[in-house]
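**Q** Before I ask anything, let me first share the structure, which is written out below as structure tokens.
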Amino acid sequence: MHDLMRRLYPICRSITGDGLRETLRILRDIIPMEIRDVPTGTSVFDWTIPKEWNIKDAYVKNTSGEKVIDFKKSSLHILNYSTPVHEKMSLSRLQEHLFAIPEHPDWIPYRTSYFKERWGFCLSQNHLAAMKDGEYEVFIDSTLTDGSLSYGEFYVHGESQDEVLFSTHVCHPSMCNDNLSGVVLCAFLARYLSEVKPYYSYRFLFIPGTIGSITWLSKNESTIGRIKHGLVVACVGDAGKPTYKKSRRGTAIIDRAVIQMFRHSVKEFDVKEFSPYGYDERQYCSPAFDLPVGSLTRTPHGCFPQYHTSADNLEFVLPENLGESFEYYTKVVAILENNRTYISTNQKCEPQLGRRGLYSLLGGRKDAEITEMALLWVLNLSDGNNSLLDIAERSAMPFDKIMEATLLLEHHGLLQEKR
Ligand SMILES: [Zn+2]
């Protein structure tokens, strides 16, 4: 995942344009996703697909001809969606178009201007302070023309047509936690799921933030009902504790599955209620759709100082953090995949476990007591009304223990799956 991130890092992405498409093409080395294009001007609910932005080069030169700001050194140097310009101007005029962060004098900020046509450069405060009075040549070789918005979609066929949605935004230029971490995790999770023949079908979306999810929802309204669970994948590469933001519903299976995983797999974690601010869960959880989609991150967006700056780089996101996050996601998938409902074949009193060798099987095992409790919980609550997640929650036991006990009881003919 980190190697893939390193490959994607230098590309200047935006909500449209060649950088976004190049990123999607590179991701096709991992998964054979579809790349879809929606033309400029298309209405998507209350929004319109914007003009496509592309950039070849941009710089600011001093009178000696030295490039004092050079887009080729970092894609963050350009105000994303800058209009073209080629002019000479004084530093004081140029300064209206320069953006820095005084509180972090070494970092380049990330700024965009999607919906207002203007141009600008971003640079560190130290870099800005070192610029001397005088005349500068400003050059931005960009285009803002009719084109299309592109996004990637990958579908894993499961046994069921019911779907789990994973959505990640792929529109940010050279920054890692937000959100190349989400992009690479989704790519590898998609590949993993395509190799295991899952029960659910899985849909992965690699989309520009906001406008991408609005576009996808507007084009897929008729099949949205198939989405039974979903997660927005972002900021999964920093060292912070995992954080879950609940879906708008608040008590959906996905909300409970993530919290169940946290309780038994993670020392420290945070759970936040839904709010209509954040990433694409805002669109998936808009009132007409109200999809069971939450967001599983590490440190949430805006809560780490490196957020939307050049310090959100390849050193800020470490392979081991990506690996841990990947494990959180696969554990949640395991809960969703195995959350069935069973009926005990002995509803009148407990079955005699000893006669079936289930007690002797447990004798002497270190975890015997846990397994025995799990057997008793599963037998007692399997009346056809409780799923395995219900049982795990009520018994305060890890889902995999409940799962293990269920398989054992099913093997001995003491449980039947409710169909
Ligand atoms: Zn962002």
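All residue names refer to the structure tokens as shown: chains lettered A, B, ... in order, residues numbered from 1 in each chain, ligands numbered from 1 in order.
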Run DSSP on the backbone and tell me which residues of stretch 131-283 of chain A come out as strand (DSSP E or B); list them as a VMD selection string.
**A** chain A and resid 135 to 145 148 to 156 163 to 169 201 to 207 227 to 233 243 to 245 270 to 272
**Q** Excluding A:Cys235 and its own-chain neighbours fewer than 5 positions away, which residues fall within 10 Å of it when counting only C-alpha atoms? Please give them as a PyMOL selection string.
**A** chain A and resi 168+176-183+240+242-243+295-301+307+317+322+325
**Q** Determine the nearest neighbour of ligand 1 from the options A:Gly384, A:Gly120, A:Pro39, A:Gly209, counting only C-alpha atoms and all ligand atoms.
**A**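 Closest residue, counting only C-alpha atoms and all ligand atoms: A:Gly209.
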**Q** Could you check which of A:Tyr279, A:Tyr284, A:Trp216, A:Phe154 is closest to ligand 1, using only C-alpha atoms and all ligand atoms?
**A** A:Tyr279
**Q** DSSP on the backbone: what in stretch 118-239 of chain A comes out alpha helix (DSSP H), as a VMD selection string?
**A** chain A and resid 125 to 129 182 to 194 211 to 219
**Q** Find the spatial neighbours of A:Glu372, counting only C-alpha atoms, within a cut-off of 9 Å - ignore same-chain residues fewer than 2 positions away - and output them as a list of chain:residue names.
**A**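 The residues that qualify are A:Leu358, A:Tyr359, A:Leu362, A:Asp367, A:Ala368, A:Glu369, A:Ile370, A:Ala374, A:Leu375, A:Leu376, A:Trp377, A:Ala405.
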**Q** Take the residues from that selection and write them out as a JSON list (two decimals), in the first residue's frame, keeping C-alpha atoms.
**A**
```json
[["chain", "number", "residue", "atom", "x", "y", "z"],
["A", 358, "LEU", "CA", -18.61, -30.76, 23.85],
["A", 359, "TYR", "CA", -17.61, -30.48, 27.52],
["A", 362, "LEU", "CA", -13.27, -28.07, 26.32],
["A", 367, "ASP", "CA", -9.94, -20.53, 26.80],
["A", 368, "ALA", "CA", -12.40, -23.27, 27.76],
["A", 369, "GLU", "CA", -14.42, -21.02, 30.01],
["A", 370, "ILE", "CA", -14.82, -18.40, 27.31],
["A", 374, "ALA", "CA", -20.04, -18.57, 24.14],
["A", 375, "LEU", "CA", -21.77, -21.94, 23.56],
["A", 376, "LEU", "CA", -24.33, -21.17, 26.26],
["A", 377, "TRP", "CA", -25.00, -17.66, 24.95],
["A", 405, "ALA", "CA", -19.17, -21.51, 19.12]]
```
**Q** Extract, using only C-alpha atoms, all DNA, RNA and protein residues at most 10 Å from A:Ile69, discarding same-chain residues fewer than 4 positions from it, and format them as a compact mmCIF listing (two decimals) with all heavy atoms, in the first residue's frame.
**A**
```txt
# COMPACT_ATOMS: atom_id res chain seq x y z
N ALA A 58 3.61 25.70 -14.12
CA ALA A 58 3.33 26.97 -13.45
C ALA A 58 4.57 27.39 -12.67
O ALA A 58 5.25 26.54 -12.10
CB ALA A 58 2.15 26.83 -12.50
N TYR A 59 4.87 28.67 -12.73
CA TYR A 59 6.01 29.16 -11.94
C TYR A 59 5.90 30.66 -11.72
O TYR A 59 5.13 31.36 -12.40
CB TYR A 59 7.36 28.80 -12.59
CG TYR A 59 7.52 29.28 -14.02
CD1 TYR A 59 7.82 30.62 -14.32
CD2 TYR A 59 7.38 28.38 -15.09
CE1 TYR A 59 7.96 31.05 -15.63
CE2 TYR A 59 7.53 28.80 -16.40
CZ TYR A 59 7.82 30.13 -16.65
OH TYR A 59 7.95 30.56 -17.95
N VAL A 60 6.73 31.15 -10.79
CA VAL A 60 6.94 32.58 -10.60
C VAL A 60 8.45 32.79 -10.74
O VAL A 60 9.23 32.11 -10.05
CB VAL A 60 6.46 33.04 -9.20
CG1 VAL A 60 6.82 34.50 -8.97
CG2 VAL A 60 4.95 32.82 -9.06
N LYS A 61 8.85 33.68 -11.68
CA LYS A 61 10.29 33.92 -11.92
C LYS A 61 10.65 35.31 -11.43
O LYS A 61 9.88 36.25 -11.59
CB LYS A 61 10.59 33.86 -13.42
CG LYS A 61 11.01 32.49 -13.93
CD LYS A 61 11.40 32.60 -15.41
CE LYS A 61 11.64 31.24 -16.00
NZ LYS A 61 11.74 31.29 -17.47
N ASN A 62 11.87 35.46 -10.88
CA ASN A 62 12.35 36.79 -10.52
C ASN A 62 13.04 37.43 -11.73
O ASN A 62 13.14 36.80 -12.79
CB ASN A 62 13.27 36.73 -9.28
CG ASN A 62 14.51 35.88 -9.51
OD1 ASN A 62 14.87 35.61 -10.65
ND2 ASN A 62 15.14 35.48 -8.42
N LYS A 73 8.04 21.26 -8.63
CA LYS A 73 8.63 20.74 -7.39
C LYS A 73 7.57 20.20 -6.45
O LYS A 73 7.84 19.32 -5.64
CB LYS A 73 9.44 21.83 -6.69
CG LYS A 73 10.73 22.13 -7.43
CD LYS A 73 11.65 23.01 -6.62
CE LYS A 73 12.96 23.21 -7.38
NZ LYS A 73 13.64 24.44 -6.94
N SER A 74 6.37 20.76 -6.48
CA SER A 74 5.27 20.22 -5.66
C SER A 74 3.95 20.63 -6.27
O SER A 74 3.74 21.82 -6.59
CB SER A 74 5.34 20.75 -4.22
OG SER A 74 4.12 20.44 -3.56
N HIS A 77 2.01 23.66 -4.86
CA HIS A 77 2.35 25.07 -5.09
C HIS A 77 1.26 25.82 -5.87
O HIS A 77 1.22 27.04 -5.84
CB HIS A 77 3.68 25.19 -5.85
CG HIS A 77 4.88 25.15 -4.95
ND1 HIS A 77 4.95 25.85 -3.77
CD2 HIS A 77 6.07 24.50 -5.07
CE1 HIS A 77 6.13 25.64 -3.19
NE2 HIS A 77 6.83 24.82 -3.94
N ILE A 78 0.42 25.09 -6.57
CA ILE A 78 -0.60 25.79 -7.36
C ILE A 78 -1.93 25.79 -6.61
O ILE A 78 -2.31 24.79 -6.00
CB ILE A 78 -0.74 25.13 -8.76
CG1 ILE A 78 -1.51 26.05 -9.71
CG2 ILE A 78 -1.41 23.78 -8.71
CD1 ILE A 78 -0.69 27.20 -10.21
N PHE A 121 -0.86 30.91 -5.98
CA PHE A 121 0.21 29.97 -5.64
C PHE A 121 0.22 29.77 -4.12
O PHE A 121 -0.11 30.69 -3.37
CB PHE A 121 1.58 30.54 -6.06
CG PHE A 121 1.82 30.48 -7.54
CD1 PHE A 121 1.41 31.53 -8.37
CD2 PHE A 121 2.49 29.40 -8.11
CE1 PHE A 121 1.64 31.47 -9.74
CE2 PHE A 121 2.72 29.34 -9.47
CZ PHE A 121 2.31 30.38 -10.29
N CYS A 122 0.63 28.58 -3.69
CA CYS A 122 0.78 28.29 -2.27
C CYS A 122 2.25 28.03 -1.99
O CYS A 122 2.94 27.39 -2.79
CB CYS A 122 -0.04 27.05 -1.90
SG CYS A 122 -1.78 27.22 -2.31
N LEU A 123 2.72 28.52 -0.87
CA LEU A 123 4.13 28.35 -0.52
C LEU A 123 4.27 28.44 0.99
O LEU A 123 3.32 28.83 1.69
CB LEU A 123 5.01 29.37 -1.23
CG LEU A 123 4.93 30.84 -0.85
CD1 LEU A 123 6.01 31.62 -1.57
CD2 LEU A 123 3.58 31.46 -1.16
N HIS A 127 9.37 30.72 2.86
CA HIS A 127 9.60 30.94 1.44
C HIS A 127 9.03 32.31 1.03
O HIS A 127 9.70 33.11 0.37
CB HIS A 127 8.88 29.80 0.71
CG HIS A 127 9.16 29.70 -0.74
ND1 HIS A 127 8.84 28.58 -1.46
CD2 HIS A 127 9.69 30.58 -1.64
CE1 HIS A 127 9.17 28.77 -2.73
NE2 HIS A 127 9.69 29.97 -2.87
N LEU A 128 7.83 32.60 1.50
CA LEU A 128 7.17 33.88 1.20
C LEU A 128 7.97 35.06 1.76
O LEU A 128 8.20 36.06 1.08
CB LEU A 128 5.74 33.86 1.78
CG LEU A 128 4.91 35.13 1.65
CD1 LEU A 128 4.67 35.48 0.18
CD2 LEU A 128 3.55 34.96 2.35
N MET A 131 10.94 36.31 -0.22
CA MET A 131 10.75 36.93 -1.55
C MET A 131 10.96 38.44 -1.45
O MET A 131 10.33 39.11 -0.65
CB MET A 131 9.35 36.60 -2.10
CG MET A 131 9.28 35.17 -2.63
SD MET A 131 7.65 34.69 -3.22
CE MET A 131 7.51 35.64 -4.74
N VAL A 138 4.80 35.88 -13.78
CA VAL A 138 3.89 34.85 -13.29
C VAL A 138 3.36 34.06 -14.49
O VAL A 138 2.88 34.66 -15.46
CB VAL A 138 2.69 35.50 -12.56
CG1 VAL A 138 1.72 34.43 -12.10
CG2 VAL A 138 3.19 36.32 -11.38
```
**Q** Residues at most 12 Å from A:Glu410, counting only C-alpha atoms, excluding those fewer than 2 positions away in the same chain, as a PDB file with N, CA and C atoms, in the first residue's frame?
**A**
```
ATOM      1  N   THR A 341     -28.410 -15.410  11.415  1.00  0.00           N
ATOM      2  CA  THR A 341     -29.298 -15.723  12.542  1.00  0.00           C
ATOM      3  C   THR A 341     -29.543 -17.228  12.550  1.00  0.00           C
ATOM      4  N   TYR A 342     -29.477 -17.811  13.720  1.00  0.00           N
ATOM      5  CA  TYR A 342     -29.626 -19.269  13.844  1.00  0.00           C
ATOM      6  C   TYR A 342     -30.774 -19.602  14.803  1.00  0.00           C
ATOM      7  N   ILE A 343     -31.231 -20.842  14.695  1.00  0.00           N
ATOM      8  CA  ILE A 343     -32.257 -21.338  15.613  1.00  0.00           C
ATOM      9  C   ILE A 343     -31.720 -22.594  16.280  1.00  0.00           C
ATOM     10  N   SER A 344     -31.788 -22.610  17.593  1.00  0.00           N
ATOM     11  CA  SER A 344     -31.353 -23.792  18.340  1.00  0.00           C
ATOM     12  C   SER A 344     -32.368 -24.908  18.105  1.00  0.00           C
ATOM     13  N   THR A 345     -31.873 -26.124  17.913  1.00  0.00           N
ATOM     14  CA  THR A 345     -32.790 -27.252  17.688  1.00  0.00           C
ATOM     15  C   THR A 345     -33.365 -27.765  19.008  1.00  0.00           C
ATOM     16  N   LEU A 375     -20.816 -20.883  23.940  1.00  0.00           N
ATOM     17  CA  LEU A 375     -21.772 -21.936  23.556  1.00  0.00           C
ATOM     18  C   LEU A 375     -23.122 -21.686  24.220  1.00  0.00           C
ATOM     19  N   VAL A 378     -24.911 -18.586  22.732  1.00  0.00           N
ATOM     20  CA  VAL A 378     -25.441 -18.838  21.385  1.00  0.00           C
ATOM     21  C   VAL A 378     -26.681 -19.729  21.475  1.00  0.00           C
ATOM     22  N   LEU A 379     -26.610 -20.777  22.305  1.00  0.00           N
ATOM     23  CA  LEU A 379     -27.764 -21.678  22.443  1.00  0.00           C
ATOM     24  C   LEU A 379     -28.967 -20.923  22.985  1.00  0.00           C
ATOM     25  N   SER A 382     -30.305 -18.109  20.425  1.00  0.00           N
ATOM     26  CA  SER A 382     -30.670 -18.515  19.059  1.00  0.00           C
ATOM     27  C   SER A 382     -32.111 -19.012  19.003  1.00  0.00           C
ATOM     28  N   MET A 403     -18.811 -16.708  16.846  1.00  0.00           N
ATOM     29  CA  MET A 403     -18.753 -17.373  15.545  1.00  0.00           C
ATOM     30  C   MET A 403     -18.256 -18.822  15.690  1.00  0.00           C
ATOM     31  N   GLU A 404     -17.152 -18.961  16.416  1.00  0.00           N
ATOM     32  CA  GLU A 404     -16.528 -20.266  16.659  1.00  0.00           C
ATOM     33  C   GLU A 404     -17.533 -21.209  17.337  1.00  0.00           C
ATOM     34  N   ALA A 405     -18.197 -20.703  18.382  1.00  0.00           N
ATOM     35  CA  ALA A 405     -19.173 -21.512  19.120  1.00  0.00           C
ATOM     36  C   ALA A 405     -20.321 -21.912  18.186  1.00  0.00           C
ATOM     37  N   THR A 406     -20.733 -20.985  17.327  1.00  0.00           N
ATOM     38  CA  THR A 406     -21.832 -21.256  16.405  1.00  0.00           C
ATOM     39  C   THR A 406     -21.483 -22.397  15.452  1.00  0.00           C
ATOM     40  N   LEU A 407     -20.273 -22.347  14.912  1.00  0.00           N
ATOM     41  CA  LEU A 407     -19.852 -23.383  13.963  1.00  0.00           C
ATOM     42  C   LEU A 407     -19.794 -24.748  14.641  1.00  0.00           C
ATOM     43  N   LEU A 408     -19.318 -24.747  15.892  1.00  0.00           N
ATOM     44  CA  LEU A 408     -19.228 -25.988  16.659  1.00  0.00           C
ATOM     45  C   LEU A 408     -20.629 -26.576  16.897  1.00  0.00           C
ATOM     46  N   HIS A 412     -22.570 -30.030  15.362  1.00  0.00           N
ATOM     47  CA  HIS A 412     -23.192 -31.076  16.185  1.00  0.00           C
ATOM     48  C   HIS A 412     -24.715 -31.116  16.016  1.00  0.00           C
ATOM     49  N   GLY A 413     -25.214 -30.394  15.048  1.00  0.00           N
ATOM     50  CA  GLY A 413     -26.647 -30.438  14.759  1.00  0.00           C
ATOM     51  C   GLY A 413     -27.505 -29.720  15.796  1.00  0.00           C
ATOM     52  N   LEU A 414     -26.876 -28.858  16.581  1.00  0.00           N
ATOM     53  CA  LEU A 414     -27.642 -28.165  17.629  1.00  0.00           C
ATOM     54  C   LEU A 414     -28.146 -26.797  17.182  1.00  0.00           C
ATOM     55  N   LEU A 415     -27.719 -26.378  16.009  1.00  0.00           N
ATOM     56  CA  LEU A 415     -28.175 -25.078  15.468  1.00  0.00           C
ATOM     57  C   LEU A 415     -28.501 -25.241  13.996  1.00  0.00           C
ATOM     58  N   GLN A 416     -29.491 -24.441  13.567  1.00  0.00           N
ATOM     59  CA  GLN A 416     -29.782 -24.376  12.126  1.00  0.00           C
ATOM     60  C   GLN A 416     -29.845 -22.921  11.720  1.00  0.00           C
ATOM     61  N   GLU A 417     -29.297 -22.630  10.572  1.00  0.00           N
ATOM     62  CA  GLU A 417     -29.360 -21.242  10.131  1.00  0.00           C
ATOM     63  C   GLU A 417     -30.793 -20.902   9.737  1.00  0.00           C
ATOM     64  N   LYS A 418     -31.235 -19.739  10.163  1.00  0.00           N
ATOM     65  CA  LYS A 418     -32.578 -19.268   9.768  1.00  0.00           C
ATOM     66  C   LYS A 418     -32.471 -18.685   8.366  1.00  0.00           C
TER      67      LYS A 418
END
```
**Q** So, counting only C-alpha atoms, which residue among A:Asn126, A:His411, A:Leu318, A:Pro32 is closest to A:Val236?
**A**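 Of A:Asn126, A:His411, A:Leu318, A:Pro32, the one nearest A:Val236, counting only C-alpha atoms, is A:Leu318.
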**Q** When you count only C-alpha atoms and all ligand atoms, which of these residues is closest to ligand 1: A:Asp146, A:Glu163, A:Asp46, A:Asp280?
**A**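 Going through A:Asp146, A:Glu163, A:Asp46, A:Asp280 one by one, the smallest distance to ligand 1 is for A:Asp280.
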**Q** For atom CA of A:Ala311 and atom CA of A:Ile11, quote the distance in Å rounded to one decimal.
**A** 16.2 Å
**Q** From the options A:His308, A:Lys219, A:Arg6, A:His157, which residue's atoms come nearest to ligand 1, counting only C-alpha atoms and all ligand atoms?
**A**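 Smallest separation from ligand 1 among the options: A:His308.
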